[in-house]
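Engineer: Provided herewith: work_11.pdb, PDB, C-alpha atoms.
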MODEL        1
ATOM      1  CA  MET A  30      11.448   6.552  -9.770
ATOM      2  CA  PRO A  31       9.044   3.855  -8.536
ATOM      3  CA  ALA A  32       6.683   2.508 -11.147
ATOM      4  CA  THR A  33       3.101   3.676 -11.009
ATOM      5  CA  VAL A  34       0.738   1.719  -8.782
ATOM      6  CA  GLU A  35      -0.996   0.350 -11.875
ATOM      7  CA  ARG A  36       2.270  -0.799 -13.398
ATOM      8  CA  GLU A  37       3.239  -2.465 -10.132
ATOM      9  CA  LYS A  38      -0.077  -4.274  -9.901
ATOM     10  CA  GLU A  39       0.344  -5.487 -13.446
ATOM     11  CA  LEU A  40       3.912  -6.650 -12.762
ATOM     12  CA  ILE A  41       2.865  -8.510  -9.619
ATOM     13  CA  ALA A  42       0.007 -10.258 -11.403
ATOM     14  CA  ARG A  43       2.276 -11.305 -14.258
ATOM     15  CA  ILE A  44       4.998 -12.555 -11.900
ATOM     16  CA  ILE A  45       2.470 -14.666 -10.008
ATOM     17  CA  ALA A  46       1.160 -15.938 -13.338
ATOM     18  CA  GLY A  47       4.644 -17.192 -14.145
ATOM     19  CA  GLU A  48       6.646 -14.351 -15.687
ATOM     20  CA  THR A  49       9.050 -14.524 -12.780
ATOM     21  CA  ASP A  50      11.823 -12.613 -14.555
ATOM     22  CA  LEU A  51       9.758  -9.463 -14.116
ATOM     23  CA  PHE A  52      10.495  -9.586 -10.405
ATOM     24  CA  HIS A  53      13.836  -7.914 -11.120
ATOM     25  CA  GLU A  54      12.006  -4.937 -12.589
ATOM     26  CA  LEU A  55       9.474  -4.846  -9.751
ATOM     27  CA  ILE A  56      12.034  -4.457  -6.991
ATOM     28  CA  ARG A  57      14.577  -2.276  -8.762
ATOM     29  CA  PRO A  58      13.128   1.028  -7.447
ATOM     30  CA  TYR A  59      13.328  -0.285  -3.862
ATOM     31  CA  GLU A  60      16.828  -1.766  -3.764
ATOM     32  CA  ARG A  61      18.223   1.303  -2.118
ATOM     33  CA  MET A  62      15.424   1.621   0.429
ATOM     34  CA  VAL A  63      15.667  -1.995   1.513
ATOM     35  CA  TYR A  64      19.437  -1.954   1.873
ATOM     36  CA  LEU A  65      19.665   1.359   3.715
ATOM     37  CA  SER A  66      16.856   0.667   6.137
ATOM     38  CA  ILE A  67      18.589  -2.581   7.075
ATOM     39  CA  LEU A  68      22.077  -1.061   7.115
ATOM     40  CA  THR A  69      21.108   1.679   9.520
ATOM     41  CA  MET A  70      19.616  -0.942  11.831
ATOM     42  CA  LEU A  71      22.430  -3.488  11.656
ATOM     43  CA  ARG A  72      25.358  -1.066  11.244
ATOM     44  CA  HIS A  73      27.314  -3.657   9.297
ATOM     45  CA  GLU A  74      27.628  -3.404   5.514
ATOM     46  CA  GLN A  75      28.239  -7.030   4.684
ATOM     47  CA  GLU A  76      25.449  -8.305   6.886
ATOM     48  CA  ALA A  77      23.090  -5.619   5.624
ATOM     49  CA  GLU A  78      23.756  -6.690   2.052
ATOM     50  CA  ASP A  79      23.134 -10.321   2.878
ATOM     51  CA  ALA A  80      19.935  -9.397   4.737
ATOM     52  CA  ALA A  81      18.747  -7.224   1.847
ATOM     53  CA  GLN A  82      19.196 -10.161  -0.525
ATOM     54  CA  GLU A  83      17.251 -12.417   1.850
ATOM     55  CA  VAL A  84      14.457  -9.854   2.030
ATOM     56  CA  MET A  85      14.116  -9.698  -1.744
ATOM     57  CA  ILE A  86      14.149 -13.477  -2.046
ATOM     58  CA  ASN A  87      11.508 -13.738   0.671
ATOM     59  CA  ALA A  88       9.444 -11.089  -1.055
ATOM     60  CA  PHE A  89       9.603 -13.139  -4.249
ATOM     61  CA  ARG A  90       8.661 -16.373  -2.525
ATOM     62  CA  HIS A  91       5.739 -14.808  -0.688
ATOM     63  CA  LEU A  92       4.557 -12.424  -3.368
ATOM     64  CA  LYS A  93       1.160 -14.138  -3.514
ATOM     65  CA  SER A  94       0.457 -13.024   0.028
ATOM     66  CA  PHE A  95       0.737  -9.384  -1.009
ATOM     67  CA  ARG A  96      -2.893  -8.309  -1.157
ATOM     68  CA  GLY A  97      -2.505  -4.844  -2.513
ATOM     69  CA  ASP A  98      -4.278  -3.156   0.415
ATOM     70  CA  ALA A  99      -0.936  -1.611   1.385
ATOM     71  CA  LYS A 100       1.568  -0.148  -1.029
ATOM     72  CA  PHE A 101       4.097  -2.669  -2.344
ATOM     73  CA  SER A 102       6.894  -0.486  -0.949
ATOM     74  CA  THR A 103       5.358  -0.586   2.544
ATOM     75  CA  TRP A 104       4.954  -4.348   2.347
ATOM     76  CA  LEU A 105       8.568  -4.688   1.270
ATOM     77  CA  VAL A 106       9.913  -2.403   3.977
ATOM     78  CA  THR A 107       7.890  -4.321   6.564
ATOM     79  CA  ILE A 108       9.710  -7.484   5.542
ATOM     80  CA  ALA A 109      13.005  -5.582   5.624
ATOM     81  CA  MET A 110      12.443  -4.199   9.119
ATOM     82  CA  ASN A 111      11.387  -7.615  10.400
ATOM     83  CA  GLU A 112      14.543  -9.141   8.983
ATOM     84  CA  ALA A 113      16.658  -6.391  10.560
ATOM     85  CA  ARG A 114      14.931  -6.772  13.923
ATOM     86  CA  GLN A 115      15.369 -10.538  13.876
ATOM     87  CA  ARG A 116      19.069 -10.207  13.171
ATOM     88  CA  LEU A 117      19.431  -7.524  15.826
ATOM     89  CA  ARG A 118      17.779  -9.784  18.352
ATOM     90  CA  LYS A 119      20.147 -12.576  17.434
ATOM     91  CA  ALA A 120      22.977 -10.140  18.069
ATOM     92  CA  LYS A 121      21.742  -9.801  21.627
ATOM     93  CA  ALA A 122      20.473  -6.324  21.027
ATOM     94  CA  ALA A 123      17.039  -7.258  22.340
ATOM     95  CA  GLN A 124      18.282  -6.565  25.833
ATOM     96  CA  LEU A 125      19.297  -3.078  24.846
ATOM     97  CA  GLU A 126      16.012  -2.471  23.144
ATOM     98  CA  SER A 127      13.915  -3.309  26.198
ATOM     99  CA  LEU A 128      16.053  -0.955  28.238
ATOM    100  CA  ASP A 129      15.293   1.799  25.756
ATOM    101  CA  GLU A 130      11.601   1.156  26.065
ATOM    102  CA  ALA A 131      11.810   1.426  29.821
ATOM    103  CA  LYS A 132      13.555   4.765  29.453
ATOM    104  CA  GLU A 133      10.925   5.917  27.054
ATOM    105  CA  GLU A 134       8.164   5.235  29.582
ATOM    106  CA  ARG A 135       9.904   7.277  32.239
ATOM    107  CA  GLU A 136      11.253  10.128  30.252
ATOM    108  CA  GLY A 137       9.028  12.758  28.709
ATOM    109  CA  ASP A 138      11.355  15.726  28.600
ATOM    110  CA  PHE A 139      14.319  16.637  26.427
ATOM    111  CA  THR A 140      16.514  19.607  25.781
ATOM    112  CA  PRO A 141      17.821  20.453  22.333
ATOM    113  CA  ALA A 142      21.287  21.922  21.962
ATOM    114  CA  VAL A 143      21.202  25.669  22.066
ATOM    115  CA  LEU A 144      23.188  27.277  19.272
ATOM    116  CA  THR A 145      24.819  30.523  20.182
ATOM    117  CA  ASP A 146      24.913  31.851  16.679
ATOM    118  CA  TRP A 147      22.436  30.357  14.297
ATOM    119  CA  ARG A 148      23.739  32.322  11.339
ATOM    120  CA  GLU A 149      26.686  29.966  11.569
ATOM    121  CA  ILE A 150      24.647  27.089  10.172
ATOM    122  CA  PRO A 151      25.631  27.587   6.564
ATOM    123  CA  SER A 152      24.395  25.468   3.744
ATOM    124  CA  GLU A 153      28.081  24.955   2.864
ATOM    125  CA  ALA A 154      28.510  23.050   6.123
ATOM    126  CA  LEU A 155      25.926  20.601   4.846
ATOM    127  CA  GLU A 156      27.892  20.086   1.672
ATOM    128  CA  LYS A 157      30.917  18.844   3.525
ATOM    129  CA  LYS A 158      31.728  15.182   3.463
ATOM    130  CA  GLU A 159      32.654  15.199   7.139
ATOM    131  CA  MET A 160      29.201  16.429   8.025
ATOM    132  CA  ARG A 161      27.610  13.497   6.263
ATOM    133  CA  GLN A 162      29.973  11.166   8.084
ATOM    134  CA  LYS A 163      29.021  12.725  11.433
ATOM    135  CA  LEU A 164      25.371  12.301  10.606
ATOM    136  CA  ARG A 165      25.822   8.628   9.758
ATOM    137  CA  GLU A 166      27.599   8.113  13.057
ATOM    138  CA  ALA A 167      24.925   9.996  14.971
ATOM    139  CA  VAL A 168      22.129   7.940  13.395
ATOM    140  CA  GLU A 169      23.980   4.776  14.378
ATOM    141  CA  LEU A 170      24.124   5.961  17.962
ATOM    142  CA  LEU A 171      20.363   6.267  18.249
ATOM    143  CA  PRO A 172      18.740   3.450  20.218
ATOM    144  CA  PRO A 173      17.077   1.014  17.764
ATOM    145  CA  ILE A 174      13.466   1.957  18.572
ATOM    146  CA  TYR A 175      14.208   5.573  17.659
ATOM    147  CA  ARG A 176      16.519   4.748  14.777
ATOM    148  CA  GLU A 177      13.963   2.628  12.939
ATOM    149  CA  VAL A 178      11.362   5.392  13.024
ATOM    150  CA  LEU A 179      13.826   8.064  11.917
ATOM    151  CA  VAL A 180      15.124   5.922   9.069
ATOM    152  CA  LEU A 181      11.683   5.201   7.669
ATOM    153  CA  ARG A 182      10.350   8.745   8.078
ATOM    154  CA  ASP A 183      13.360  10.937   7.337
ATOM    155  CA  LEU A 184      15.625   8.790   5.195
ATOM    156  CA  GLU A 185      13.092   6.716   3.272
ATOM    157  CA  GLU A 186      10.488   9.451   3.564
ATOM    158  CA  LEU A 187       7.594   7.128   4.267
ATOM    159  CA  ASN A 188       4.563   8.873   5.751
ATOM    160  CA  GLN A 189       3.417   8.369   9.361
ATOM    161  CA  GLU A 190       0.853   5.731   8.537
ATOM    162  CA  GLU A 191       3.222   3.715   6.362
ATOM    163  CA  THR A 192       5.899   3.893   9.047
ATOM    164  CA  ALA A 193       3.458   2.759  11.730
ATOM    165  CA  SER A 194       2.325  -0.102   9.535
ATOM    166  CA  ALA A 195       5.860  -1.215   8.654
ATOM    167  CA  LEU A 196       6.928  -1.218  12.313
ATOM    168  CA  GLY A 197       3.684  -2.540  13.747
ATOM    169  CA  ILE A 198       3.285   0.364  16.166
ATOM    170  CA  PRO A 199       0.600   3.059  16.555
ATOM    171  CA  VAL A 200       0.938   6.358  14.686
ATOM    172  CA  THR A 201       1.052   8.209  18.013
ATOM    173  CA  LEU A 202       4.181   6.283  18.956
ATOM    174  CA  VAL A 203       5.729   7.027  15.563
ATOM    175  CA  LYS A 204       5.267  10.731  16.262
ATOM    176  CA  VAL A 205       6.688  10.592  19.785
ATOM    177  CA  ARG A 206       9.716   8.529  18.784
ATOM    178  CA  LEU A 207      10.391  10.559  15.667
ATOM    179  CA  HIS A 208      10.403  13.763  17.668
ATOM    180  CA  ARG A 209      12.847  12.330  20.200
ATOM    181  CA  ALA A 210      15.055  10.832  17.506
ATOM    182  CA  ARG A 211      15.295  14.178  15.742
ATOM    183  CA  MET A 212      16.059  16.002  18.972
ATOM    184  CA  MET A 213      18.776  13.489  19.825
ATOM    185  CA  LEU A 214      20.339  14.044  16.408
ATOM    186  CA  GLN A 215      20.099  17.801  16.767
ATOM    187  CA  LYS A 216      21.823  17.532  20.104
ATOM    188  CA  MET A 217      24.586  15.289  18.807
ATOM    189  CA  LEU A 218      25.199  17.272  15.636
ATOM    190  CA  ALA A 219      24.761  20.847  16.765
ATOM    191  CA  PRO A 220      28.447  21.140  17.741
ATOM    192  CA  TYR A 221      29.403  20.378  14.137
ATOM    193  CA  LEU A 222      26.805  22.646  12.630
ATOM    194  CA  SER A 223      27.995  25.791  14.315
ATOM    195  CA  THR A 224      29.691  27.237  17.343
ATOM    196  CA  ALA A 225      27.328  25.864  19.917
ATOM    197  CA  ALA A 226      26.863  26.343  23.592
ATOM    198  CA  PRO A 227      28.032  23.333  25.637
ATOM    199  CA  ALA A 228      25.199  20.869  25.908
ATOM    200  CA  LYS A 229      23.576  20.577  29.305
ATOM    201  CA  LYS A 230      23.941  17.228  30.938
ATOM    202  CA  GLY A 231      20.305  16.272  30.734
ATOM    203  CA  PHE A 232      18.796  12.959  29.788
ATOM    204  CA  PHE A 233      20.109  12.819  26.252
ATOM    205  CA  GLY A 234      23.426  14.249  27.317
ATOM    206  CA  ARG A 235      23.892  11.339  29.695
ATOM    207  CA  MET A 236      22.740   8.884  27.120
ATOM    208  CA  PHE A 237      25.400   9.619  24.579
ATOM    209  CA  GLN A 238      28.420   9.999  26.733
TER     210      GLN A 238
ATOM    211  CA  MET B  10      -0.855  32.846  24.082
ATOM    212  CA  THR B  11       2.774  33.583  24.865
ATOM    213  CA  LEU B  12       4.913  30.486  24.704
ATOM    214  CA  GLU B  13       8.095  29.722  26.548
ATOM    215  CA  CYS B  14      11.065  28.212  24.712
ATOM    216  CA  LYS B  15      10.532  24.824  26.338
ATOM    217  CA  GLN B  16       6.990  24.683  25.023
ATOM    218  CA  VAL B  17       8.240  25.452  21.523
ATOM    219  CA  TRP B  18      10.833  22.659  21.752
ATOM    220  CA  GLN B  19       8.095  20.128  22.362
ATOM    221  CA  HIS B  20       6.661  20.889  18.943
ATOM    222  CA  VAL B  21       9.786  21.067  16.766
ATOM    223  CA  SER B  22       8.972  17.852  14.968
ATOM    224  CA  GLU B  23       5.327  18.654  14.310
ATOM    225  CA  TYR B  24       6.336  22.135  13.222
ATOM    226  CA  LEU B  25       8.765  20.755  10.647
ATOM    227  CA  ASP B  26       6.178  18.225   9.474
ATOM    228  CA  ARG B  27       3.535  20.981   9.265
ATOM    229  CA  GLN B  28       1.206  19.117  11.576
ATOM    230  CA  LEU B  29       0.398  21.887  14.025
ATOM    231  CA  ASP B  30      -3.088  23.273  14.386
ATOM    232  CA  PRO B  31      -3.344  26.884  13.157
ATOM    233  CA  GLN B  32      -3.582  28.462  16.628
ATOM    234  CA  LEU B  33      -0.454  26.763  17.979
ATOM    235  CA  LEU B  34       1.380  27.400  14.715
ATOM    236  CA  ASN B  35       0.547  31.071  15.015
ATOM    237  CA  ASP B  36       1.779  31.190  18.637
ATOM    238  CA  ILE B  37       5.023  29.480  17.657
ATOM    239  CA  GLU B  38       5.580  31.773  14.678
ATOM    240  CA  LYS B  39       5.168  34.759  16.997
ATOM    241  CA  HIS B  40       7.658  33.303  19.441
ATOM    242  CA  LEU B  41      10.146  32.659  16.644
ATOM    243  CA  GLU B  42      10.046  36.275  15.518
ATOM    244  CA  ASN B  43      11.690  37.266  18.782
ATOM    245  CA  CYS B  44      13.674  34.177  19.735
ATOM    246  CA  GLU B  45      16.918  33.389  17.963
ATOM    247  CA  VAL B  46      17.540  30.370  20.183
ATOM    248  CA  CYS B  47      14.395  28.578  19.042
ATOM    249  CA  SER B  48      14.906  29.725  15.450
ATOM    250  CA  ALA B  49      18.367  28.161  15.551
ATOM    251  CA  ILE B  50      17.053  24.907  16.972
ATOM    252  CA  LEU B  51      14.427  24.697  14.250
ATOM    253  CA  ASP B  52      16.895  25.598  11.509
ATOM    254  CA  SER B  53      19.534  23.140  12.650
ATOM    255  CA  THR B  54      17.003  20.336  12.978
ATOM    256  CA  ARG B  55      15.608  21.107   9.543
ATOM    257  CA  ASN B  56      19.120  21.060   8.094
ATOM    258  CA  ILE B  57      19.814  17.695   9.685
ATOM    259  CA  LEU B  58      16.662  16.293   8.100
ATOM    260  CA  ILE B  59      17.639  17.657   4.695
ATOM    261  CA  LEU B  60      21.012  16.001   5.093
ATOM    262  CA  THR B  61      19.444  12.713   6.213
ATOM    263  CA  ALA B  62      17.366  12.549   3.035
ATOM    264  CA  ASP B  63      20.373  13.507   0.871
ATOM    265  CA  ASN B  64      21.324  10.564  -1.330
ATOM    266  CA  ARG B  65      25.011  11.154  -0.690
ATOM    267  CA  THR B  66      24.698  10.691   3.065
ATOM    268  CA  PHE B  67      23.887   7.005   2.942
ATOM    269  CA  GLU B  68      25.369   5.250  -0.051
ATOM    270  CA  LEU B  69      25.087   1.811  -1.582
ATOM    271  CA  PRO B  70      28.193  -0.390  -1.752
ATOM    272  CA  VAL B  71      29.768  -0.713  -5.190
ATOM    273  CA  GLY B  72      28.303  -3.694  -7.023
ATOM    274  CA  TYR B  73      25.391  -4.121  -4.604
ATOM    275  CA  SER B  74      22.736  -4.119  -7.294
ATOM    276  CA  GLU B  75      24.587  -6.617  -9.500
ATOM    277  CA  ARG B  76      25.123  -9.044  -6.612
ATOM    278  CA  LEU B  77      21.508  -8.693  -5.511
ATOM    279  CA  HIS B  78      20.090  -9.493  -8.941
ATOM    280  CA  ALA B  79      22.519 -12.357  -9.448
ATOM    281  CA  ARG B  80      21.398 -13.981  -6.193
ATOM    282  CA  LEU B  81      17.753 -13.292  -6.984
ATOM    283  CA  GLU B  82      18.152 -14.858 -10.392
ATOM    284  CA  LYS B  83      19.465 -17.999  -8.750
ATOM    285  CA  ALA B  84      16.591 -18.077  -6.248
ATOM    286  CA  ILE B  85      14.017 -17.549  -8.987
ATOM    287  CA  ARG B  86      15.477 -20.423 -11.026
ATOM    288  CA  GLU B  87      15.465 -22.708  -7.979
ATOM    289  CA  ALA B  88      11.894 -21.959  -6.914
ATOM    290  CA  PRO B  89      10.126 -20.443  -9.878
ATOM    291  CA  GLU B  90       6.660 -20.400  -8.257
ATOM    292  CA  PRO B  91       5.869 -17.770  -5.603
ATOM    293  CA  LYS B  92       4.216 -19.591  -2.678
ATOM    294  CA  ASN B  93       0.653 -18.919  -1.636
ATOM    295  CA  ASP B  94       1.093 -18.126   2.054
ATOM    296  CA  SER B  95       1.877 -15.222   4.315
ATOM    297  CA  ALA B  96       5.247 -13.513   4.409
TER     298      ALA B  96
ENDMDL
END
Render the structure in this file as structure tokens.

Structural biologist:
Amino acid sequence: MPATVEREKELIARIIAGETDLFHELIRPYERMVYLSILTMLRHEQEAEDAAQEVMINAFRHLKSFRGDAKFSTWLVTIAMNEARQRLRKAKAAQLESLDEAKEEREGDFTPAVLTDWREIPSEALEKKEMRQKLREAVELLPPIYREVLVLRDLEELNQEETASALGIPVTLVKVRLHRARMMLQKMLAPYLSTAAPAKKGFFGRMFQ
Amino acid sequence: MTLECKQVWQHVSEYLDRQLDPQLLNDIEKHLENCEVCSAILDSTRNILILTADNRTFELPVGYSERLHARLEKAIREAPEPKNDSA
């Protein structure tokens, strides 16, 4: 559990005043969040771990610039997403990203996968290891601009405003992208969730073939 | 107002996040009472979100925390003073 806001403020003040060892305690609740948000963006465990370490070191070095108007977790995840985006760009993914944005401008419609028998979505299916593996793969297939929103909202469970702030985009765009990301996942995963009707070859169908 | 399935699909996300205004929510609830297709889409999407937030879906590598704190320790020793600039 993250420390209370008051405890965090106290820790930050004491670290800046020189009790630097307390930084370990400050970031402990967010280790998982930082690593996973980067991992899902970079899709490479070793690089994600290295990036997560860099993020924490940067956070330490720049702690004085944290003003406390945002939550510490939001500030930290902003640094994490920037690090992930920078590394993605270096990996030539910037080209891909701009293509996605162009698609987003054009495309307003989507079709979810229609399940023929919804009673077949048992909670036991969700308990299966394979299902979790499929979900990880599906998340990795999302274009980066959708993936980053989904990861912050549905994996890290940040709220809309925090997500918008961490990604530097308007809340309205968070909502639009989140909706599309979720529908893309539904479409990709529906076949594993139950006996589903074959997906129509619409926009998202084309995208993931 | 009677909604078509396609109109319901446009609001799946807001429905799951409970962000719909009461009138639209009411219209969608009415539609869901008689539409198994849309109910299934909502249920499957909800299940995917539950699974996404499940701690077992995305896991940390073994030893991640230890390596992180070891590297941090080194960085803190090297530059013990947090800088006064923007991140």

Engineer: List the residues matched by the PyMOL selection byres ((chain A) within 6 of (chain B)) in the displayed structure as a ChimeraX atom specification, ordered by chain and then by residue number.

Structural biologist: /A:82,90-94,147,161,184,208,215

Engineer: State, in Å with one decimal place, the distance from CA of Val168 in chain A to CA of Thr69 in chain A.

Structural biologist: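 Pair CA of Val168 in chain A / CA of Thr69 in chain A returns 7.4 Å.
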
Engineer: Closest to Trp104 in chain A among A:Thr201, A:Ser194, A:Ser66, A:Thr49, using all atoms listed in the file?

Structural biologist: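 That would be A:Ser194, the residue with the smallest distance to Trp104 in chain A.
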
Engineer: Return as a PyMOL selection string the set of residues that the PyMOL selection byres ((chain A and resi 217) around 10) yields on the displayed structure.

Structural biologist: chain A and resi 141-142+163-164+166-168+170-171+211-216+218-222+228+233-234+237

Engineer: What does the PyMOL selection byres ((chain A and resi 193) around 10) select in this file, as a PyMOL selection string?

Structural biologist: chain A and resi 103+107+178+181-182+187-192+194-204

Engineer: For CA of Val106 in chain A and CA of Tyr59 in chain A, quote the distance in Å rounded to one decimal.

Structural biologist: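 Pair CA of Val106 in chain A / CA of Tyr59 in chain A returns 8.8 Å.
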
Engineer: Report the distance between CA of Met10 in chain B and CA of Asp36 in chain B in Å, rounded to one decimal place.

Structural biologist: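 Separating CA of Met10 in chain B from CA of Asp36 in chain B is a distance of 6.3 Å.
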
Engineer: Which protein, DNA or RNA residues are at most 10 Å from (24.8, -7.3, 4.1) in the file's coordinates when you count all atoms listed in the file, listed as a count of residues only?

Structural biologist: 18

Engineer: Restricting the calculation to only C-alpha atoms: of A:Arg43, A:Val84, A:Glu37, A:Met70, which residue gets closest to Leu55 in chain A?

Structural biologist: A:Glu37

Engineer: Report the centre and edge lengths, in Å to one decimal, of an axis-aligned box enclosing every atom of range 54-73 of chain B listed in the file, padded by 6 Å on each side, as AutoDock Vina command-line options.

Structural biologist:
--center_x 22.7 --center_y 8.5 --center_z 3.0 --size_x 26.2 --size_y 37.2 --size_z 32.0
